[in-house]
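Okay, start-v9.cif is below, mmCIF, C-alpha atoms:
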data_run
#
loop_
_atom_site.label_atom_id
_atom_site.label_comp_id
_atom_site.auth_asym_id
_atom_site.auth_seq_id
_atom_site.Cartn_x
_atom_site.Cartn_y
_atom_site.Cartn_z
CA ARG M 1 29.55 -15.37 12.82
CA THR M 2 30.90 -18.87 13.17
CA LEU M 3 28.65 -21.17 15.17
CA ALA M 4 30.97 -23.11 17.48
CA PRO M 5 30.15 -26.70 18.46
CA GLY M 6 28.06 -26.92 21.59
CA ARG M 7 24.53 -26.75 22.98
CA TYR M 8 22.31 -23.76 22.26
CA SER M 9 18.85 -22.88 23.54
CA PHE M 10 16.25 -20.61 22.02
CA MET M 11 13.11 -19.33 23.73
CA LEU M 12 9.94 -18.02 22.13
CA GLY M 13 6.46 -17.24 23.29
CA LEU M 14 3.53 -19.38 22.22
CA ARG M 15 0.10 -20.46 23.36
CA ASN M 16 -0.35 -24.15 24.08
CA PRO M 17 -3.27 -25.98 22.47
CA PRO M 18 -6.10 -27.18 24.76
CA SER M 19 -4.99 -30.80 24.38
CA THR M 20 -2.00 -32.76 23.08
CA PRO M 21 -2.13 -32.77 19.23
CA ALA M 22 -2.04 -36.06 17.34
CA GLN M 23 1.14 -34.93 15.56
CA ASN M 24 3.05 -33.54 18.52
CA PHE M 25 6.40 -32.82 16.85
CA PHE M 26 8.78 -29.89 16.44
CA ASN M 27 11.25 -29.35 13.58
CA VAL M 28 14.54 -27.42 13.74
CA VAL M 29 15.98 -26.29 10.41
CA LEU M 30 19.41 -24.65 9.99
CA ARG M 31 19.53 -22.34 6.98
CA SER M 32 22.24 -20.27 5.34
CA ARG M 33 21.96 -16.52 4.89
CA THR M 34 20.47 -17.13 1.46
CA GLY M 35 17.83 -19.47 2.86
CA SER M 36 19.35 -22.76 1.75
CA ILE M 37 18.87 -25.66 4.16
CA ILE M 38 22.19 -26.74 5.66
CA ASP M 39 20.95 -29.25 8.19
CA ALA M 40 17.81 -30.15 10.09
CA ARG M 41 16.45 -32.16 12.97
CA MET M 42 12.90 -33.26 12.26
CA ARG M 43 10.06 -34.71 14.29
CA ILE M 44 11.32 -33.85 17.77
CA GLU M 45 8.61 -35.18 20.04
CA GLY M 46 6.92 -32.52 22.17
CA ARG M 47 5.77 -32.80 25.76
CA ARG M 48 2.24 -33.91 26.54
CA ILE M 49 -0.21 -31.13 27.42
CA GLN M 50 -0.90 -31.42 31.15
CA GLN M 51 -4.61 -31.02 31.83
CA GLY M 52 -5.67 -28.94 34.82
CA LEU M 53 -2.32 -27.16 35.24
CA ASN M 54 -2.46 -23.38 34.86
CA VAL M 55 0.95 -21.87 35.55
CA LEU M 56 2.02 -18.53 34.14
CA PRO M 57 5.46 -17.52 32.79
CA SER M 58 8.00 -17.47 35.59
CA SER M 59 10.63 -14.77 36.11
CA LEU M 60 14.22 -14.48 37.29
CA LYS M 61 16.03 -11.66 39.11
CA PHE M 62 19.75 -11.48 39.93
CA SER M 63 22.02 -9.25 42.02
CA ALA M 64 25.28 -9.48 40.01
CA SER M 65 26.40 -10.41 36.50
CA SER M 66 30.20 -10.33 36.51
CA PRO M 67 32.36 -13.42 35.87
CA THR M 68 32.88 -15.50 39.08
CA ALA M 69 30.66 -13.10 41.04
CA GLU M 70 28.58 -14.36 43.95
CA ALA M 71 24.98 -13.44 43.21
CA GLN M 72 21.61 -13.75 44.84
CA VAL M 73 19.06 -15.24 42.43
CA GLN M 74 15.32 -14.98 42.87
CA LEU M 75 12.99 -17.22 40.85
CA THR M 76 9.24 -16.61 40.81
CA PHE M 77 6.84 -19.52 40.30
CA ARG M 78 3.43 -18.20 39.23
CA VAL M 79 0.20 -20.17 39.66
CA GLY M 80 -2.84 -19.04 37.69
CA THR M 81 -5.50 -21.27 39.26
CA THR M 82 -5.47 -23.52 42.33
CA ILE M 83 -3.36 -26.67 41.93
CA ASP M 84 -5.33 -29.45 43.58
CA GLY M 85 -3.99 -33.00 43.71
CA TYR M 86 -7.52 -34.39 43.59
CA GLN M 87 -8.12 -32.75 40.21
CA ALA M 88 -6.83 -33.73 36.76
CA VAL M 89 -3.28 -32.50 37.36
CA GLY M 90 -2.74 -34.99 40.21
CA ALA M 91 -0.45 -34.70 43.21
CA ILE M 92 2.58 -32.36 43.14
CA ARG M 93 4.95 -33.42 45.95
CA ALA M 94 8.08 -31.43 45.09
CA LEU M 95 9.54 -28.64 43.00
CA GLN M 96 13.00 -28.79 41.47
CA ILE M 97 15.14 -25.84 40.40
CA VAL M 98 17.98 -26.57 37.96
CA LEU M 99 20.79 -24.11 37.20
CA PRO M 100 22.46 -23.75 33.78
CA GLU M 101 25.87 -25.32 33.19
CA HIS M 102 28.91 -23.61 34.77
CA PHE M 103 26.83 -21.96 37.52
CA SER M 104 27.28 -23.32 41.04
CA LEU M 105 25.28 -23.14 44.26
CA LEU M 106 26.65 -21.34 47.32
CA ALA M 107 26.43 -23.51 50.41
CA ARG M 108 26.60 -20.62 52.90
CA VAL M 109 23.64 -18.69 51.49
CA PRO M 110 20.18 -19.71 52.78
CA VAL M 111 17.48 -20.96 50.45
CA GLN M 112 14.39 -18.87 51.10
CA ASN M 113 10.70 -19.48 50.45
CA LEU M 114 9.69 -15.83 50.45
CA ASP M 115 5.96 -16.11 49.86
CA GLY M 116 5.01 -19.16 51.87
CA LEU M 117 4.55 -21.86 49.25
CA PRO M 118 3.14 -24.80 51.30
CA THR M 119 6.06 -26.92 52.55
CA PRO M 120 6.90 -28.85 55.73
CA GLU M 121 7.99 -26.69 58.65
CA THR M 122 11.61 -27.91 58.49
CA ALA M 123 14.02 -29.78 56.21
CA TRP M 124 12.12 -28.88 53.05
CA SER M 125 15.07 -27.70 50.93
CA HIS M 126 17.75 -30.03 49.52
CA PRO M 127 20.70 -28.68 47.50
CA TYR M 128 22.58 -31.01 45.15
CA PHE M 129 25.78 -29.16 44.38
CA LYS M 130 27.23 -31.55 41.82
CA ASP M 131 23.97 -31.62 39.85
CA ARG M 132 23.37 -27.84 40.19
CA LEU M 133 19.87 -28.23 41.54
CA ILE M 134 17.65 -27.51 44.53
CA ARG M 135 14.78 -29.81 45.44
CA ILE M 136 11.90 -28.36 47.46
CA ASP M 137 9.61 -30.78 49.32
CA MET M 138 5.92 -30.00 49.54
CA VAL M 139 5.17 -33.03 51.74
CA ARG M 140 7.12 -34.64 54.57
CA SER M 141 7.05 -38.26 53.35
CA PRO M 142 6.53 -39.99 50.00
CA VAL M 143 3.12 -41.33 51.08
CA ASP M 144 1.74 -37.96 52.21
CA PHE M 145 -0.79 -36.29 49.95
CA PRO M 146 -0.05 -32.60 49.25
CA GLY M 147 -2.39 -29.76 50.02
CA THR M 148 -3.59 -27.30 47.43
CA ILE M 149 -1.42 -24.51 46.01
CA PRO M 150 -3.48 -21.30 45.87
CA PRO M 151 -3.14 -18.91 42.92
CA GLY M 152 -0.33 -16.42 43.32
CA SER M 153 3.36 -15.73 42.85
CA TYR M 154 5.88 -17.71 44.89
CA ARG M 155 9.47 -16.48 45.10
CA PHE M 156 12.52 -18.58 45.96
CA SER M 157 15.88 -17.00 46.69
CA PHE M 158 19.33 -18.63 46.85
CA GLY M 159 22.99 -17.90 46.18
CA VAL M 160 25.04 -18.84 43.12
CA ARG M 161 28.50 -18.29 41.73
CA LEU M 162 28.67 -17.21 38.10
CA PRO M 163 30.88 -18.93 35.51
CA GLU M 164 34.45 -17.77 35.05
CA LEU M 165 34.80 -17.70 31.27
CA ARG M 166 31.44 -17.66 29.52
CA ILE M 167 27.72 -17.97 29.96
CA PRO M 168 26.59 -21.35 28.54
CA GLY M 169 24.87 -21.44 25.16
CA SER M 170 22.00 -23.28 26.83
CA ASN M 171 21.32 -20.43 29.25
CA VAL M 172 18.04 -21.71 30.68
CA TRP M 173 16.91 -22.11 34.30
CA LEU M 174 14.28 -24.78 34.94
CA ILE M 175 11.52 -25.19 37.51
CA SER M 176 10.12 -28.73 37.43
CA LEU M 177 6.92 -29.92 39.09
CA CYS M 178 7.40 -33.44 40.43
CA ARG M 179 4.96 -36.21 41.22
CA ASP M 180 7.33 -37.74 43.81
CA LEU M 181 9.89 -36.39 46.28
CA GLY M 182 12.82 -37.72 44.25
CA CYS M 183 11.56 -36.01 41.08
CA GLY M 184 11.72 -39.27 39.17
CA GLU M 185 8.35 -38.46 37.57
CA LEU M 186 8.07 -34.93 36.19
CA VAL M 187 4.65 -33.43 35.65
CA ALA M 188 5.85 -30.30 33.84
CA ASP M 189 8.90 -28.10 33.26
CA ILE M 190 8.92 -24.30 33.30
CA ALA M 191 11.83 -22.75 31.38
CA ILE M 192 13.20 -19.31 32.26
CA GLY M 193 15.70 -17.46 30.10
CA GLY M 194 18.92 -16.54 31.92
CA PHE M 195 21.03 -13.40 32.02
CA ASN M 196 24.41 -12.58 30.46
CA PHE M 197 27.66 -11.07 31.68
CA GLY M 198 27.27 -7.33 32.04
CA ASP M 199 23.48 -7.27 32.28
CA ALA M 200 22.19 -4.71 34.76
CA PRO M 201 21.26 -6.41 38.06
CA THR M 202 17.53 -6.58 38.75
CA LEU M 203 17.69 -7.51 42.45
CA VAL M 204 18.93 -5.52 45.44
CA VAL M 205 20.31 -7.81 48.15
CA ASP M 206 19.67 -7.28 51.84
CA GLN M 207 23.19 -7.94 53.13
CA GLN M 208 22.00 -8.71 56.68
CA GLN M 209 19.54 -11.30 55.37
CA GLN M 210 22.13 -12.86 53.05
CA LYS M 211 24.46 -13.32 56.03
CA GLY M 212 21.70 -15.09 57.94
CA GLY M 213 20.58 -12.25 60.21
CA THR M 214 16.89 -12.59 59.37
CA HIS M 215 14.96 -14.72 56.93
CA PRO M 216 11.37 -15.86 56.36
CA ARG M 217 9.64 -18.48 58.48
CA HIS M 218 9.78 -21.05 55.69
CA ALA M 219 13.47 -20.53 54.95
CA LEU M 220 16.15 -23.14 55.64
CA ARG M 221 19.84 -22.43 55.88
CA VAL M 222 21.83 -24.68 53.55
CA VAL M 223 24.90 -26.29 55.15
#
Now, as a test, write the supplied structure out as structure tokens.
Amino acid sequence: RTLAPGRYSFMLGLRNPPSTPAQNFFNVVLRSRTGSIIDARMRIEGRRIQQGLNVLPSSLKFSASSPTAEAQVQLTFRVGTTIDGYQAVGAIRALQIVLPEHFSLLARVPVQNLDGLPTPETAWSHPYFKDRLIRIDMVRSPVDFPGTIPPGSYRFSFGVRLPELRIPGSNVWLISLCRDLGCGELVADIAIGGFNFGDAPTLVVDQQQQKGGTHPRHALRVV
């Protein structure tokens, strides 16, 4: 097949080393079917290994996969051991969820914190429609120090509209852990592979909840 110009993402499983290696680089090599090198990008600098942060692979569920469909998406953030701001990892004051290109957030669907990740009682969720992201505060003000995040799985649910023509080549959803409320300093990124048109839905939507009839204590309706 012809590889059209554009951005492409590839995901693979690996085990991180215990510390950042001295030569922390990745290489991407493009080969022909016969194995000849066509092009390459060498020495792509990797991210620093974050000490004291034990998060497990996150997951994504979706309620629809047709072009332009309105879908409920549920992302799960999994914590392996307690995240404590007084330990090596430092303070985590916000989470940020970023959608792939061509997806858009639905303003009328509530953002829900289904498993009680520690957040302020109100005004903890901030959608940025142009940037395709949701920012989740874990403290009320920039000077507040966050509490601990116990081990467990934390689900967030929100509404999106799917692209009209095609799923982007870089079909990756991101959860970022942020040092500050504005997410100007990122501690770590967690990448989650997306779904394609025609994939079987993996989430059954409660229509009453989606319309705002009931939702968890920590949920905030986006307006």
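With all atoms listed in the file as the atoms that count, the minimum distance from Ser9 of chain M to the choices M:Val28, M:Pro110, M:His126, M:Leu60 is reached by M:Val28.
Here atom CA of Thr82 of chain M is placed at a distance of 6.6 Å from atom CA of Thr148 of chain M.
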Practice problem: Compare M:Phe10, M:Phe25, M:Phe145, M:Phe77 by their minimum atom-to-atom distance to Gly194 of chain M, counting all atoms listed in the file, and give me the closest one. | Solution: M:Phe10
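Put simply, atom CA of Met138 of chain M is 17.5 Å away from atom CA of Ile190 of chain M.
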Could you list, as a short mmCIF file (atom, residue, chain, number, x, y, z; two decimals) with C-alpha atoms, keeping the file's coordinate frame, every residue matched by the PyMOL selection byres ((chain M and resi 144) around 12) in this structure?
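Okay, this is what ended up in result.cif:
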data_model
loop_
_atom_site.label_atom_id
_atom_site.label_comp_id
_atom_site.auth_asym_id
_atom_site.auth_seq_id
_atom_site.Cartn_x
_atom_site.Cartn_y
_atom_site.Cartn_z
CA GLY M 85 -3.99 -33.00 43.71
CA ALA M 91 -0.45 -34.70 43.21
CA ILE M 92 2.58 -32.36 43.14
CA ARG M 93 4.95 -33.42 45.95
CA ALA M 94 8.08 -31.43 45.09
CA THR M 119 6.06 -26.92 52.55
CA PRO M 120 6.90 -28.85 55.73
CA ASP M 137 9.61 -30.78 49.32
CA MET M 138 5.92 -30.00 49.54
CA VAL M 139 5.17 -33.03 51.74
CA ARG M 140 7.12 -34.64 54.57
CA SER M 141 7.05 -38.26 53.35
CA PRO M 142 6.53 -39.99 50.00
CA VAL M 143 3.12 -41.33 51.08
CA PHE M 145 -0.79 -36.29 49.95
CA PRO M 146 -0.05 -32.60 49.25
CA GLY M 147 -2.39 -29.76 50.02
CA ARG M 179 4.96 -36.21 41.22
CA ASP M 180 7.33 -37.74 43.81
CA LEU M 181 9.89 -36.39 46.28
#
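This file, filtered with the PyMOL selection byres ((chain M and resi 203) around 6), gives the residues Lys61, Phe62, Ser63, Pro201, Thr202 and Val204 of chain M.
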Restricted to N, CA, C and O atoms, what does segment 161-182 of chain M look like when written out as a PDB file, in the first residue's frame?
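As a result, result-v8.pdb now contains:
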ATOM      1  N   ARG M 161     -17.735  13.522  19.669  1.00  0.00           N
ATOM      2  CA  ARG M 161     -18.246  13.280  18.321  1.00  0.00           C
ATOM      3  C   ARG M 161     -17.103  12.730  17.476  1.00  0.00           C
ATOM      4  O   ARG M 161     -15.997  13.276  17.475  1.00  0.00           O
ATOM      5  N   LEU M 162     -17.375  11.650  16.759  1.00  0.00           N
ATOM      6  CA  LEU M 162     -16.353  11.025  15.937  1.00  0.00           C
ATOM      7  C   LEU M 162     -16.100  11.811  14.656  1.00  0.00           C
ATOM      8  O   LEU M 162     -16.966  12.587  14.212  1.00  0.00           O
ATOM      9  N   PRO M 163     -14.942  11.615  14.034  1.00  0.00           N
ATOM     10  CA  PRO M 163     -14.649  12.306  12.770  1.00  0.00           C
ATOM     11  C   PRO M 163     -15.641  11.919  11.670  1.00  0.00           C
ATOM     12  O   PRO M 163     -16.302  10.874  11.742  1.00  0.00           O
ATOM     13  N   GLU M 164     -15.704  12.760  10.660  1.00  0.00           N
ATOM     14  CA  GLU M 164     -16.621  12.504   9.543  1.00  0.00           C
ATOM     15  C   GLU M 164     -16.021  11.589   8.494  1.00  0.00           C
ATOM     16  O   GLU M 164     -16.698  10.702   7.962  1.00  0.00           O
ATOM     17  N   LEU M 165     -14.740  11.789   8.153  1.00  0.00           N
ATOM     18  CA  LEU M 165     -14.166  11.107   7.007  1.00  0.00           C
ATOM     19  C   LEU M 165     -13.238   9.955   7.374  1.00  0.00           C
ATOM     20  O   LEU M 165     -13.308   8.890   6.765  1.00  0.00           O
ATOM     21  N   ARG M 166     -12.361  10.176   8.338  1.00  0.00           N
ATOM     22  CA  ARG M 166     -11.386   9.123   8.639  1.00  0.00           C
ATOM     23  C   ARG M 166     -10.881   9.265  10.072  1.00  0.00           C
ATOM     24  O   ARG M 166     -10.878  10.358  10.635  1.00  0.00           O
ATOM     25  N   ILE M 167     -10.469   8.146  10.611  1.00  0.00           N
ATOM     26  CA  ILE M 167      -9.786   8.142  11.900  1.00  0.00           C
ATOM     27  C   ILE M 167      -8.350   8.609  11.667  1.00  0.00           C
ATOM     28  O   ILE M 167      -7.702   8.181  10.710  1.00  0.00           O
ATOM     29  N   PRO M 168      -7.808   9.488  12.484  1.00  0.00           N
ATOM     30  CA  PRO M 168      -6.454  10.007  12.237  1.00  0.00           C
ATOM     31  C   PRO M 168      -5.402   8.905  12.315  1.00  0.00           C
ATOM     32  O   PRO M 168      -5.551   7.914  13.035  1.00  0.00           O
ATOM     33  N   GLY M 169      -4.314   9.088  11.557  1.00  0.00           N
ATOM     34  CA  GLY M 169      -3.220   8.124  11.600  1.00  0.00           C
ATOM     35  C   GLY M 169      -2.596   8.054  12.976  1.00  0.00           C
ATOM     36  O   GLY M 169      -2.146   7.003  13.415  1.00  0.00           O
ATOM     37  N   SER M 170      -2.554   9.192  13.666  1.00  0.00           N
ATOM     38  CA  SER M 170      -2.064   9.227  15.044  1.00  0.00           C
ATOM     39  C   SER M 170      -3.256   9.067  15.977  1.00  0.00           C
ATOM     40  O   SER M 170      -3.744  10.018  16.581  1.00  0.00           O
ATOM     41  N   ASN M 171      -3.721   7.820  16.082  1.00  0.00           N
ATOM     42  CA  ASN M 171      -4.966   7.511  16.790  1.00  0.00           C
ATOM     43  C   ASN M 171      -4.645   7.137  18.236  1.00  0.00           C
ATOM     44  O   ASN M 171      -4.761   5.983  18.644  1.00  0.00           O
ATOM     45  N   VAL M 172      -4.212   8.124  19.004  1.00  0.00           N
ATOM     46  CA  VAL M 172      -3.756   7.902  20.368  1.00  0.00           C
ATOM     47  C   VAL M 172      -4.446   8.901  21.299  1.00  0.00           C
ATOM     48  O   VAL M 172      -4.502  10.097  21.007  1.00  0.00           O
ATOM     49  N   TRP M 173      -4.981   8.392  22.402  1.00  0.00           N
ATOM     50  CA  TRP M 173      -5.545   9.216  23.466  1.00  0.00           C
ATOM     51  C   TRP M 173      -4.496   9.318  24.566  1.00  0.00           C
ATOM     52  O   TRP M 173      -3.794   8.345  24.862  1.00  0.00           O
ATOM     53  N   LEU M 174      -4.374  10.486  25.176  1.00  0.00           N
ATOM     54  CA  LEU M 174      -3.337  10.715  26.176  1.00  0.00           C
ATOM     55  C   LEU M 174      -3.933  11.112  27.523  1.00  0.00           C
ATOM     56  O   LEU M 174      -4.852  11.935  27.582  1.00  0.00           O
ATOM     57  N   ILE M 175      -3.405  10.525  28.586  1.00  0.00           N
ATOM     58  CA  ILE M 175      -3.635  11.014  29.940  1.00  0.00           C
ATOM     59  C   ILE M 175      -2.298  11.541  30.444  1.00  0.00           C
ATOM     60  O   ILE M 175      -1.304  10.808  30.464  1.00  0.00           O
ATOM     61  N   SER M 176      -2.255  12.817  30.811  1.00  0.00           N
ATOM     62  CA  SER M 176      -1.021  13.421  31.304  1.00  0.00           C
ATOM     63  C   SER M 176      -1.168  13.747  32.781  1.00  0.00           C
ATOM     64  O   SER M 176      -2.214  14.223  33.229  1.00  0.00           O
ATOM     65  N   LEU M 177      -0.118  13.487  33.542  1.00  0.00           N
ATOM     66  CA  LEU M 177      -0.049  13.856  34.949  1.00  0.00           C
ATOM     67  C   LEU M 177       0.720  15.166  35.036  1.00  0.00           C
ATOM     68  O   LEU M 177       1.829  15.277  34.497  1.00  0.00           O
ATOM     69  N   CYS M 178       0.136  16.154  35.701  1.00  0.00           N
ATOM     70  CA  CYS M 178       0.670  17.518  35.664  1.00  0.00           C
ATOM     71  C   CYS M 178       1.116  17.981  37.050  1.00  0.00           C
ATOM     72  O   CYS M 178       0.428  17.744  38.051  1.00  0.00           O
ATOM     73  N   ARG M 179       2.233  18.668  37.067  1.00  0.00           N
ATOM     74  CA  ARG M 179       2.740  19.226  38.313  1.00  0.00           C
ATOM     75  C   ARG M 179       1.904  20.422  38.766  1.00  0.00           C
ATOM     76  O   ARG M 179       1.742  20.674  39.955  1.00  0.00           O
ATOM     77  N   ASP M 180       1.364  21.187  37.792  1.00  0.00           N
ATOM     78  CA  ASP M 180       0.629  22.413  38.100  1.00  0.00           C
ATOM     79  C   ASP M 180      -0.765  22.341  37.490  1.00  0.00           C
ATOM     80  O   ASP M 180      -1.044  21.501  36.632  1.00  0.00           O
ATOM     81  N   LEU M 181      -1.648  23.227  37.896  1.00  0.00           N
ATOM     82  CA  LEU M 181      -3.032  23.211  37.414  1.00  0.00           C
ATOM     83  C   LEU M 181      -3.143  23.522  35.931  1.00  0.00           C
ATOM     84  O   LEU M 181      -4.073  23.070  35.272  1.00  0.00           O
ATOM     85  N   GLY M 182      -2.223  24.316  35.391  1.00  0.00           N
ATOM     86  CA  GLY M 182      -2.265  24.646  33.974  1.00  0.00           C
ATOM     87  C   GLY M 182      -1.603  23.617  33.087  1.00  0.00           C
ATOM     88  O   GLY M 182      -1.599  23.762  31.859  1.00  0.00           O
TER      89      GLY M 182
END
